[in-house]
>>> print(open('structure31.txt').read())   # compact mmCIF, C-alpha atoms
# COMPACT_ATOMS: atom_id res chain seq x y z
CA MET A 1 0.00 0.00 0.00
CA SER A 2 1.03 3.52 -0.63
CA SER A 3 -0.04 4.92 2.73
CA GLN A 4 2.31 5.73 5.51
CA ILE A 5 1.99 6.53 9.18
CA GLY A 6 3.04 10.10 9.43
CA VAL A 7 2.63 11.30 12.98
CA GLU A 8 6.31 11.99 13.20
CA SER A 9 6.23 14.56 10.45
CA ARG A 10 2.84 16.21 10.91
CA ASN A 11 0.77 16.14 14.03
CA ASP A 12 -2.61 16.88 12.48
CA TRP A 13 -3.11 13.68 10.52
CA LEU A 14 -2.71 10.02 11.36
CA ALA A 15 -2.21 8.39 8.02
CA SER A 16 -2.28 9.35 4.40
CA GLY A 17 -2.48 7.76 1.03
CA ARG A 18 -2.13 9.00 -2.52
CA HIS A 19 -5.34 11.03 -2.44
CA ILE A 20 -6.59 11.45 1.13
CA MET A 21 -5.49 11.71 4.71
CA LEU A 22 -7.16 10.41 7.83
CA ARG A 23 -7.05 12.66 10.82
CA PRO A 24 -8.97 13.50 14.00
CA VAL A 25 -11.93 15.85 13.66
CA PHE A 26 -11.22 19.57 13.94
CA ALA A 27 -13.85 22.01 15.16
CA GLY A 28 -14.03 23.51 11.69
CA ASP A 29 -14.98 20.12 10.20
CA ILE A 30 -18.22 19.82 12.16
CA PRO A 31 -20.68 21.58 9.81
CA ARG A 32 -19.43 19.50 6.88
CA LEU A 33 -19.46 16.29 8.92
CA ALA A 34 -23.06 16.93 9.96
CA ASP A 35 -24.01 17.14 6.28
CA LEU A 36 -22.15 13.92 5.53
CA LEU A 37 -23.74 12.07 8.44
CA ALA A 38 -27.19 13.17 7.24
CA GLU A 39 -26.38 11.97 3.75
CA ALA A 40 -25.03 8.53 4.72
CA PRO A 41 -27.54 5.67 4.49
CA LEU A 42 -26.25 3.94 7.63
CA GLY A 43 -26.03 5.81 10.91
CA ILE A 44 -22.92 5.65 13.04
CA GLU A 45 -24.48 4.70 16.34
CA ASP A 46 -27.36 2.50 17.31
CA ASP A 47 -29.75 5.25 18.21
CA PRO A 48 -32.00 6.59 15.48
CA TYR A 49 -31.52 10.29 16.28
CA PRO A 50 -29.95 12.41 13.58
CA TRP A 51 -26.46 13.83 14.04
CA THR A 52 -27.23 17.50 13.78
CA GLU A 53 -24.44 20.04 13.84
CA SER A 54 -25.34 21.07 17.39
CA ARG A 55 -25.37 17.47 18.60
CA LEU A 56 -22.00 16.82 17.01
CA ARG A 57 -20.60 20.00 18.51
CA CYS A 58 -21.96 19.06 21.92
CA ARG A 59 -20.18 15.71 21.75
CA PHE A 60 -17.04 17.36 20.36
CA GLU A 61 -16.91 19.64 23.40
CA ASP A 62 -17.81 16.93 25.92
CA LYS A 63 -15.24 17.31 28.70
CA ALA A 64 -15.24 13.61 29.60
CA SER A 65 -14.52 12.48 26.07
CA PRO A 66 -13.59 15.45 23.91
CA GLY A 67 -12.96 15.72 20.22
CA LEU A 68 -15.25 12.92 18.94
CA TRP A 69 -12.40 10.64 19.95
CA GLY A 70 -13.91 8.45 22.64
CA ALA A 71 -14.27 4.70 23.01
CA ASN A 72 -17.80 4.62 21.65
CA LEU A 73 -17.67 7.45 19.18
CA LYS A 74 -14.40 7.83 17.36
CA LEU A 75 -14.55 9.72 14.11
CA TYR A 76 -11.77 10.21 11.63
CA THR A 77 -12.11 12.97 9.10
CA VAL A 78 -11.27 11.92 5.57
CA ALA A 79 -9.68 14.95 3.97
CA SER A 80 -8.28 15.43 0.52
CA LEU A 81 -4.60 16.30 0.40
CA ASP A 82 -5.55 19.97 0.05
CA ASN A 83 -7.43 19.54 3.37
CA GLN A 84 -11.03 19.58 2.10
CA VAL A 85 -13.33 17.38 4.17
CA VAL A 86 -14.65 14.71 1.83
CA GLY A 87 -15.82 11.98 4.21
CA TYR A 88 -15.47 10.26 7.53
CA VAL A 89 -14.68 6.90 9.07
CA HIS A 90 -16.45 5.94 12.28
CA GLU A 91 -14.64 3.37 14.37
CA PHE A 92 -16.02 1.32 17.24
CA LEU A 93 -13.81 -0.92 19.34
CA ARG A 94 -15.48 -4.25 20.12
CA SER A 95 -15.03 -5.66 23.59
CA THR A 96 -14.47 -9.09 22.02
CA GLY A 97 -11.65 -7.84 19.80
CA GLY A 98 -11.42 -5.96 16.55
CA THR A 99 -12.96 -2.78 15.26
CA VAL A 100 -16.19 -2.06 13.44
CA ILE A 101 -16.20 0.77 10.93
CA ARG A 102 -18.80 2.70 9.04
CA PHE A 103 -17.64 5.22 6.54
CA HIS A 104 -18.98 7.60 3.97
CA ILE A 105 -17.57 9.73 1.20
CA ALA A 106 -19.63 12.67 -0.01
CA ASP A 107 -21.99 11.60 -2.76
CA LYS A 108 -21.31 14.58 -4.98
CA VAL A 109 -17.62 15.11 -4.52
CA GLU A 110 -15.47 14.79 -7.60
CA SER A 111 -13.24 11.72 -7.59
CA ARG A 112 -15.49 10.02 -5.06
CA ASP A 113 -14.38 6.61 -6.20
CA THR A 114 -10.73 7.51 -5.87
CA TYR A 115 -11.15 9.04 -2.42
CA GLY A 116 -13.28 6.18 -1.14
CA GLU A 117 -10.95 3.46 -2.30
CA ASP A 118 -7.99 5.27 -0.82
CA ALA A 119 -9.78 5.98 2.49
CA VAL A 120 -10.63 2.34 3.11
CA ALA A 121 -7.16 1.20 2.14
CA VAL A 122 -5.48 3.81 4.34
CA TYR A 123 -7.64 2.93 7.34
CA LEU A 124 -6.91 -0.77 6.97
CA ASP A 125 -3.23 -0.14 6.43
CA MET A 126 -3.14 1.91 9.62
CA ALA A 127 -5.18 -0.57 11.64
CA ARG A 128 -3.17 -3.63 10.65
CA GLN A 129 -0.04 -1.99 12.02
CA TRP A 130 -1.53 -2.07 15.53
CA ASN A 131 -0.47 -5.74 15.52
CA THR A 132 -3.05 -6.77 18.12
CA LEU A 133 -6.09 -6.26 15.93
CA PRO A 134 -7.66 -9.61 14.94
CA ARG A 135 -10.27 -8.27 12.58
CA VAL A 136 -11.93 -5.22 11.09
CA THR A 137 -15.64 -5.36 10.35
CA ALA A 138 -17.28 -2.98 7.91
CA THR A 139 -20.94 -2.60 7.09
CA ALA A 140 -22.73 -0.99 4.17
CA LEU A 141 -26.07 -1.17 2.46
CA ALA A 142 -26.19 -4.03 -0.02
CA CYS A 143 -27.12 -1.56 -2.76
CA GLU A 144 -24.03 0.61 -2.18
CA ALA A 145 -22.01 -0.94 -4.96
CA LEU A 146 -19.16 1.57 -4.83
CA LYS A 147 -18.54 1.12 -1.12
CA ARG A 148 -18.54 -2.61 -1.57
CA SER A 149 -16.00 -2.37 -4.35
CA TRP A 150 -13.74 -0.20 -2.17
CA LEU A 151 -13.90 -2.77 0.60
CA GLU A 152 -13.16 -5.64 -1.74
CA SER A 153 -10.25 -3.91 -3.36
CA ALA A 154 -8.76 -3.21 0.08
CA GLY A 155 -8.88 -6.90 0.98
CA PHE A 156 -12.17 -7.25 2.85
CA GLN A 157 -14.32 -10.31 2.23
CA LEU A 158 -18.11 -10.43 2.17
CA GLU A 159 -19.21 -12.47 5.20
CA VAL A 160 -22.91 -11.89 5.77
CA THR A 161 -25.83 -10.41 3.87
CA CYS A 162 -28.34 -9.32 6.49
CA ARG A 163 -31.81 -9.36 5.04
CA GLU A 164 -34.03 -6.30 5.36
CA GLY A 165 -32.33 -4.96 8.46
CA VAL A 166 -32.16 -1.26 7.62
CA LEU A 167 -34.90 1.21 6.90
CA TYR A 168 -33.72 3.38 4.04
CA GLU A 169 -35.82 5.60 1.82
CA GLY A 170 -38.93 4.15 3.40
CA ARG A 171 -38.22 0.49 2.77
CA PRO A 172 -36.35 -2.27 4.58
CA GLN A 173 -33.07 -2.88 2.80
CA ASP A 174 -30.41 -5.58 3.05
CA TYR A 175 -27.08 -4.63 4.52
CA VAL A 176 -23.79 -6.43 4.17
CA VAL A 177 -21.05 -7.26 6.63
CA TYR A 178 -17.50 -7.39 5.33
CA GLY A 179 -14.53 -8.57 7.31
CA TRP A 180 -10.79 -8.37 7.14
CA VAL A 181 -9.05 -10.89 9.41
CA ALA A 182 -5.40 -10.70 10.41
CA PRO A 183 -3.37 -13.61 9.05
CA TRP A 184 -2.27 -14.59 12.57
CA ALA A 185 -5.92 -14.83 13.64
CA ILE A 186 -6.82 -17.02 10.67
CA LEU A 187 -3.97 -19.37 11.57
CA ASN A 188 -5.34 -19.70 15.08
CA CYS A 189 -9.00 -20.08 14.14
CA VAL A 190 -11.05 -23.19 14.89
CA PRO A 191 -11.51 -24.86 11.49
CA ALA A 192 -14.93 -25.21 9.95
CA GLY A 193 -16.42 -28.59 10.75
CA ALA A 194 -14.66 -28.85 14.12
CA GLN A 195 -16.27 -31.04 16.73
CA ALA A 196 -19.55 -29.63 17.99
CA LYS A 197 -19.80 -28.53 21.57
CA GLU A 198 -23.00 -29.22 23.43
CA LEU A 199 -24.11 -25.95 24.90
CA SER A 200 -27.88 -25.93 24.83
CA MET D 1 -48.35 -10.56 34.55
CA LEU D 2 -45.87 -10.57 31.69
CA ARG D 3 -45.40 -14.23 30.96
CA TYR D 4 -45.16 -16.27 27.77
CA ALA D 5 -45.33 -20.07 27.89
CA ASN D 6 -45.36 -23.02 25.54
CA ARG D 7 -45.29 -26.77 26.21
CA ARG D 8 -41.65 -26.86 27.30
CA ALA D 9 -40.86 -23.54 28.96
CA ALA D 10 -42.17 -20.26 30.29
CA ILE D 11 -40.43 -16.88 30.26
CA ARG D 12 -41.04 -14.09 32.75
CA PRO D 13 -39.19 -11.08 34.20
CA PHE D 14 -36.76 -11.93 36.99
CA ALA D 15 -38.30 -11.81 40.46
CA SER D 16 -35.20 -10.26 42.02
CA ALA D 17 -31.66 -9.20 41.22
CA GLN D 18 -30.37 -12.11 43.30
CA GLU D 19 -32.23 -14.62 41.17
CA SER D 20 -30.45 -13.33 38.07
CA ILE D 21 -27.06 -13.10 39.79
CA ARG D 22 -27.16 -16.71 41.01
CA LEU D 23 -28.17 -18.00 37.61
CA ARG D 24 -25.57 -16.02 35.69
CA GLU D 25 -22.78 -17.11 38.04
CA ALA D 26 -23.51 -20.73 37.19
CA ILE D 27 -23.89 -20.06 33.48
CA TYR D 28 -20.85 -17.83 32.96
CA ARG D 29 -18.47 -20.23 34.65
CA ASP D 30 -19.29 -22.71 31.92
CA VAL D 31 -20.18 -20.57 28.92
CA ASN D 32 -16.96 -18.56 28.98
CA ARG D 33 -15.08 -21.71 28.02
CA PHE D 34 -16.84 -21.54 24.68
CA TRP D 35 -17.73 -17.91 24.13
CA GLY D 36 -14.65 -16.36 25.64
CA PRO D 37 -14.60 -13.66 28.27
CA SER D 38 -17.95 -12.05 28.91
CA TRP D 39 -19.37 -10.81 32.13
CA TYR D 40 -22.29 -9.00 33.68
CA PRO D 41 -21.09 -8.02 37.14
CA ALA D 42 -23.40 -8.60 40.10
CA GLY D 43 -23.27 -4.93 41.05
CA GLU D 44 -24.41 -3.93 37.59
CA ILE D 45 -27.24 -6.46 37.69
CA SER D 46 -28.40 -5.00 41.01
CA THR D 47 -28.30 -1.46 39.66
CA ASP D 48 -30.14 -2.46 36.48
CA TYR D 49 -32.75 -4.37 38.43
CA ALA D 50 -33.42 -1.37 40.66
CA GLU D 51 -33.71 0.85 37.60
CA HIS D 52 -35.91 -1.20 35.29
CA GLY D 53 -36.25 -4.76 36.57
CA LEU D 54 -33.80 -5.98 33.89
CA MET D 55 -36.31 -4.92 31.23
CA ASP D 56 -34.55 -1.88 29.80
CA PRO D 57 -37.01 -0.29 27.36
CA THR D 58 -34.17 1.00 25.16
CA GLY D 59 -31.74 -1.84 25.74
CA MET D 60 -31.79 -5.46 26.82
CA HIS D 61 -34.93 -7.28 27.95
CA GLN D 62 -33.97 -10.20 30.19
CA PHE D 63 -36.32 -13.06 31.00
CA ALA D 64 -36.00 -15.95 33.37
CA VAL D 65 -36.66 -19.27 31.63
CA ASP D 66 -38.62 -21.79 33.73
CA ASP D 67 -39.43 -25.41 33.08
CA ARG D 68 -43.12 -25.27 32.22
CA SER D 69 -44.15 -28.29 34.29
CA THR D 70 -41.96 -27.92 37.40
CA GLY D 71 -41.41 -24.16 37.49
CA GLU D 72 -37.67 -24.70 37.96
CA LEU D 73 -35.44 -21.85 36.76
CA VAL D 74 -33.31 -23.24 33.93
CA GLY D 75 -31.86 -20.28 32.06
CA VAL D 76 -32.06 -16.77 30.74
CA VAL D 77 -33.25 -15.47 27.39
CA GLN D 78 -32.53 -11.91 26.35
CA ALA D 79 -33.49 -9.70 23.46
CA GLY D 80 -33.24 -6.11 22.41
CA LEU D 81 -33.53 -3.61 19.62
CA GLY D 82 -30.55 -3.18 17.36
CA GLY D 83 -29.34 -0.12 15.56
CA ASN D 84 -30.14 0.57 11.95
CA ASN D 85 -33.24 2.66 12.55
CA ALA D 86 -34.63 0.16 15.05
CA ILE D 87 -36.27 -2.20 12.59
CA GLU D 88 -33.84 -4.90 13.65
CA GLY D 89 -33.67 -6.74 16.96
CA TRP D 90 -31.50 -9.46 18.44
CA PHE D 91 -31.97 -12.35 20.83
CA GLY D 92 -29.98 -15.04 22.65
CA THR D 93 -30.30 -17.71 25.29
CA PHE D 94 -28.10 -19.17 28.01
CA ILE D 95 -29.27 -22.40 29.61
CA HIS D 96 -27.92 -23.72 32.90
CA PRO D 97 -25.14 -26.29 32.19
CA GLN D 98 -27.05 -29.07 33.93
CA ARG D 99 -30.26 -28.41 32.00
CA ARG D 100 -28.97 -28.40 28.44
CA GLY D 101 -30.10 -30.76 25.72
CA ARG D 102 -33.72 -30.78 26.81
CA GLY D 103 -35.20 -28.25 24.40
CA TYR D 104 -35.33 -25.28 26.74
CA GLY D 105 -33.17 -23.14 24.47
CA VAL D 106 -35.38 -23.59 21.42
CA ALA D 107 -38.56 -23.12 23.46
CA ALA D 108 -37.24 -19.93 25.04
CA LYS D 109 -36.13 -18.54 21.68
CA GLN D 110 -39.56 -19.17 20.19
CA LEU D 111 -41.20 -17.40 23.12
CA VAL D 112 -38.96 -14.37 23.03
CA LEU D 113 -39.48 -14.06 19.26
CA ASN D 114 -43.19 -13.87 19.94
CA TYR D 115 -42.59 -11.22 22.58
CA MET D 116 -40.42 -9.05 20.31
CA PHE D 117 -42.51 -9.30 17.16
CA GLU D 118 -45.73 -8.63 19.05
CA ARG D 119 -44.48 -5.67 21.06
CA PHE D 120 -42.04 -3.85 18.79
CA PRO D 121 -42.18 -2.76 15.15
CA VAL D 122 -39.17 -4.87 14.23
CA ASN D 123 -38.91 -6.31 10.75
CA ARG D 124 -36.16 -8.76 11.55
CA MET D 125 -34.72 -10.57 14.56
CA MET D 126 -31.16 -11.85 14.42
CA SER D 127 -28.89 -14.00 16.52
CA ASP D 128 -25.29 -15.18 16.35
CA THR D 129 -23.95 -18.51 17.51
CA LEU D 130 -20.61 -20.28 17.35
CA ALA D 131 -20.21 -21.65 13.83
CA HIS D 132 -19.10 -25.10 14.99
CA HIS D 133 -21.87 -25.35 17.59
CA THR D 134 -24.11 -27.48 15.42
CA VAL D 135 -26.72 -28.03 18.14
CA ALA D 136 -27.33 -24.31 18.46
CA CYS D 137 -27.38 -23.88 14.68
CA ARG D 138 -30.02 -26.58 14.46
CA GLY D 139 -31.97 -24.86 17.24
CA MET D 140 -32.00 -21.61 15.27
CA GLU D 141 -33.42 -23.44 12.28
CA ARG D 142 -36.13 -24.97 14.46
CA CYS D 143 -37.19 -21.42 15.27
CA GLY D 144 -37.48 -20.66 11.55
CA CYS D 145 -34.26 -18.68 11.36
CA VAL D 146 -32.28 -18.55 8.13
CA PHE D 147 -28.48 -18.82 7.96
CA GLU D 148 -26.99 -15.62 6.54
CA GLY D 149 -23.25 -16.20 6.74
CA ASN D 150 -20.22 -16.63 8.96
CA ILE D 151 -18.33 -13.83 10.68
CA ARG D 152 -14.74 -15.02 10.85
CA ALA D 153 -12.56 -14.91 13.95
CA ALA D 154 -15.16 -13.04 15.95
CA ARG D 155 -14.66 -14.60 19.40
CA MET D 156 -11.59 -15.76 21.29
CA ALA D 157 -12.04 -18.70 23.66
CA GLU D 158 -9.53 -21.11 25.13
CA GLY D 159 -6.73 -19.69 23.03
CA GLN D 160 -8.43 -19.98 19.66
CA TRP D 161 -10.52 -17.75 17.46
CA HIS D 162 -14.02 -18.89 16.60
CA ASP D 163 -16.30 -17.96 13.73
CA LEU D 164 -19.85 -16.86 14.42
CA SER D 165 -22.82 -17.92 12.32
CA ARG D 166 -25.54 -15.34 11.86
CA TYR D 167 -29.18 -16.33 11.65
CA SER D 168 -32.27 -14.21 11.25
CA ILE D 169 -36.01 -14.42 10.86
CA LEU D 170 -38.16 -11.79 9.19
CA ARG D 171 -41.56 -10.77 10.49
CA ARG D 172 -43.34 -12.28 7.51
CA GLU D 173 -41.49 -15.57 8.09
CA TRP D 174 -42.33 -15.58 11.79
CA GLU D 175 -46.00 -15.05 10.90
CA THR D 176 -46.01 -18.43 9.17
CA MET D 177 -44.50 -20.33 12.12
CA ALA D 178 -46.71 -22.97 13.70
CA TYR D 179 -45.11 -22.49 17.13
CA ARG D 180 -46.83 -19.11 17.44
CA HIS D 181 -50.09 -20.94 18.07
CA ASP D 182 -48.72 -22.88 21.04
CA VAL D 183 -47.94 -19.75 23.03
CA ILE D 184 -49.98 -18.93 26.09
CA LYS D 185 -49.66 -15.44 27.49
CA GLY D 186 -50.12 -14.00 30.93
CA GLN D 187 -50.77 -17.14 32.98
>>> encode(input="structure31.txt", output="structure tokens")
Amino acid sequence: MSSQIGVESRNDWLASGRHIMLRPVFAGDIPRLADLLAEAPLGIEDDPYPWTESRLRCRFEDKASPGLWGANLKLYTVASLDNQVVGYVHEFLRSTGGTVIRFHIADKVESRDTYGEDAVAVYLDMARQWNTLPRVTATALACEALKRSWLESAGFQLEVTCREGVLYEGRPQDYVVYGWVAPWAILNCVPAGAQAKELS
Amino acid sequence: MLRYANRRAAIRPFASAQESIRLREAIYRDVNRFWGPSWYPAGEISTDYAEHGLMDPTGMHQFAVDDRSTGELVGVVQAGLGGNNAIEGWFGTFIHPQRRGRGYGVAAKQLVLNYMFERFPVNRMMSDTLAHHTVACRGMERCGCVFEGNIRAARMAEGQWHDLSRYSILRREWETMAYRHDVIKGQ
């Protein structure tokens, strides 16, 4: 991958690729992020309330967990290399290991495909260097063909198609679960067809 | 009284925090060998019981599972609303180690599916189980659930990663299930 971890050279971004950089959210990003969150088909948290600009700002200024950089709500801004906000990646750390991400790139931005593909690849490249991460899970609507292609080109595999689990544009829609699993976790995984354990 | 029963089991809210704590102590000691570390501390159970009787309207609904004929407490079944605009819910059962293999898990799942579909506007109920746990997979199918795929390396237990199998049932599928007609409510 072309990305590199660059905290040693610039302290306002975490990782960058050929077209985008991932960085923490700045206060100035919030109005744009609110628009992007409203536009995205899948929300970033389980509650159904919309992420208005004021709600985002309130969480950004939360003294206990400031900067939209907490355990349950961690947002990365996806910015073009000229520092225009073009998307976000939401990351949730699972208590059982691994991260779950939801991401969105602005529908109407030029080079959306390029930015999206680079954003997913840069996130995964960054995450796999943590060394202790067994898997990354990503979800998207089944009809979001571009997002699915970005995930697949970054190395994610389709694992589950969840039937009619999301209400979008007034109708239940399928959503898909993609996973990337660290090679060391695959090596230490119980093989399919292993002996059944009687639990219930 | 909130109670759902079929021929094998009955589900009801827990009568006290202590009842839930005692049951979960017995279950977790055994289940963690298969599912990996998970816990629900006694203090948290007490707090939750005082707050909502373990029936959190926006979170997890926990039911005691009794043997229908003897009234003996044999397990816990829990369910809740998921994210995704709240048209999705989830459910799961834990049966006491000494009471497994007697159909309580399937009976409790069928009852809690009735509870969720009747009381909430969910379109789909989903559940995960260990992919190599063929008994549980078969139990899901006996509830009318459809296999949707495997989530790889999702749980760590006894030094190995385990895949999870995801199952779900849609409201229109549940409406065709014969077990709905065996359910007795409120007795």
>>> atom_distance(input="structure31.txt", atom1="atom CA of A:Thr161", atom2="atom CA of A:Val176")
4.5 Å
>>> interface_residues(input="structure31.txt", of="chain D", to="chain A", cutoff="7 Å", atoms="only C-alpha atoms", output="PyMOL selection string")
chain D and resi 82-88+95+100-101+105+124+132-136+148-151+153+155+160-162
>>> residues_around(input="structure31.txt", residues="D:Thr176", least_positions_apart="5", cutoff="12 Å", atoms="only C-alpha atoms", output="PyMOL selection string")
chain D and resi 143-145+169-171+181
>>> residues_near_point(input="structure31.txt", point="(-49.2, -17.8, 21.8)", cutoff="9 Å", atoms="all atoms listed in the file", output="mmCIF file with C-alpha atoms, in the coordinates of the input")
data_model
loop_
_atom_site.group_PDB
_atom_site.id
_atom_site.type_symbol
_atom_site.label_atom_id
_atom_site.label_comp_id
_atom_site.auth_asym_id
_atom_site.auth_seq_id
_atom_site.Cartn_x
_atom_site.Cartn_y
_atom_site.Cartn_z
ATOM 1 C CA TYR D 4 -45.160 -16.270 27.770
ATOM 2 C CA ALA D 5 -45.330 -20.070 27.890
ATOM 3 C CA ASN D 6 -45.360 -23.020 25.540
ATOM 4 C CA LEU D 111 -41.200 -17.400 23.120
ATOM 5 C CA ASN D 114 -43.190 -13.870 19.940
ATOM 6 C CA TYR D 179 -45.110 -22.490 17.130
ATOM 7 C CA ARG D 180 -46.830 -19.110 17.440
ATOM 8 C CA HIS D 181 -50.090 -20.940 18.070
ATOM 9 C CA ASP D 182 -48.720 -22.880 21.040
ATOM 10 C CA VAL D 183 -47.940 -19.750 23.030
ATOM 11 C CA ILE D 184 -49.980 -18.930 26.090
ATOM 12 C CA LYS D 185 -49.660 -15.440 27.490
#
>>> residues_around(input="structure31.txt", residues="D:Gln18", least_positions_apart="5", cutoff="12 Å", atoms="only C-alpha atoms", output="JSON, numbers by chain")
{"D": [23, 24, 25, 41, 42, 43, 44, 45, 46, 47, 48, 49, 50, 53, 54]}
>>> atom_distance(input="structure31.txt", atom1="atom CA of D:His52", atom2="atom CA of D:Tyr115")
17.5 Å
>>> closest_residue(input="structure31.txt", among="A:Ala15, A:Ala79, A:Ala142, A:Val85", to="A:Pro31", atoms="all atoms listed in the file")
A:Val85
>>> residues_around(input="structure31.txt", residues="D:Ser168", least_positions_apart="4", cutoff="7 Å", atoms="all atoms listed in the file", output="PyMOL selection string")
chain D and resi 124-127+145-147
>>> residues_around(input="structure31.txt", residues="A:Glu39", least_positions_apart="5", cutoff="10 Å", atoms="only C-alpha atoms", output="list in words")
Leu33, Ala34, His104, Ile105, Ala106 and Asp107 of chain A
>>> residues_near_point(input="structure31.txt", point="(-32.4, -11.6, 20.8)", cutoff="10 Å", atoms="all atoms listed in the file", output="list in words")
Met60, His61, Gln62, Val77, Gln78, Ala79, Gly80, Leu81, Gly82, Glu88, Gly89, Trp90, Phe91, Gly92, Thr93, Lys109, Val112, Leu113, Met116, Met125, Met126, Ser127, Asp128 and Ser168 of chain D
>>> atom_distance(input="structure31.txt", atom1="atom CA of D:Phe14", atom2="atom CA of D:Asn123")
26.9 Å
>>> closest_residue(input="structure31.txt", among="A:Ser65, A:Ser80, A:Thr52, A:Thr99", to="A:Met21", atoms="only C-alpha atoms")
A:Ser80
>>> closest_residue(input="structure31.txt", among="A:Ala38, A:Pro24, A:Asp118, A:Ala154", to="A:Lys74", atoms="all atoms listed in the file")
A:Pro24
>>> closest_residue(input="structure31.txt", among="D:Arg7, D:Arg119, D:His96, D:Arg152", to="D:Ala26", atoms="all atoms listed in the file")
D:His96
>>> residues_around(input="structure31.txt", residues="stretch 28-32 of chain D", least_positions_apart="6", cutoff="8 Å", atoms="all atoms listed in the file", output="short mmCIF file (atom, residue, chain, number, x, y, z; two decimals) with C-alpha atoms, in the frame of the given file")
data_model
loop_
_atom_site.label_atom_id
_atom_site.label_comp_id
_atom_site.auth_asym_id
_atom_site.auth_seq_id
_atom_site.Cartn_x
_atom_site.Cartn_y
_atom_site.Cartn_z
CA LEU A 199 -24.11 -25.95 24.90
CA SER D 38 -17.95 -12.05 28.91
CA TRP D 39 -19.37 -10.81 32.13
CA PRO D 97 -25.14 -26.29 32.19
CA ALA D 157 -12.04 -18.70 23.66
#
>>> axis_aligned_box(input="structure31.txt", around="stretch 55-58 of chain A", padding_each_side="4 Å", output="lines of an AutoDock Vina configuration file")
center_x = -23.0
center_y = 18.4
center_z = 19.5
size_x = 12.8
size_y = 11.2
size_z = 12.9
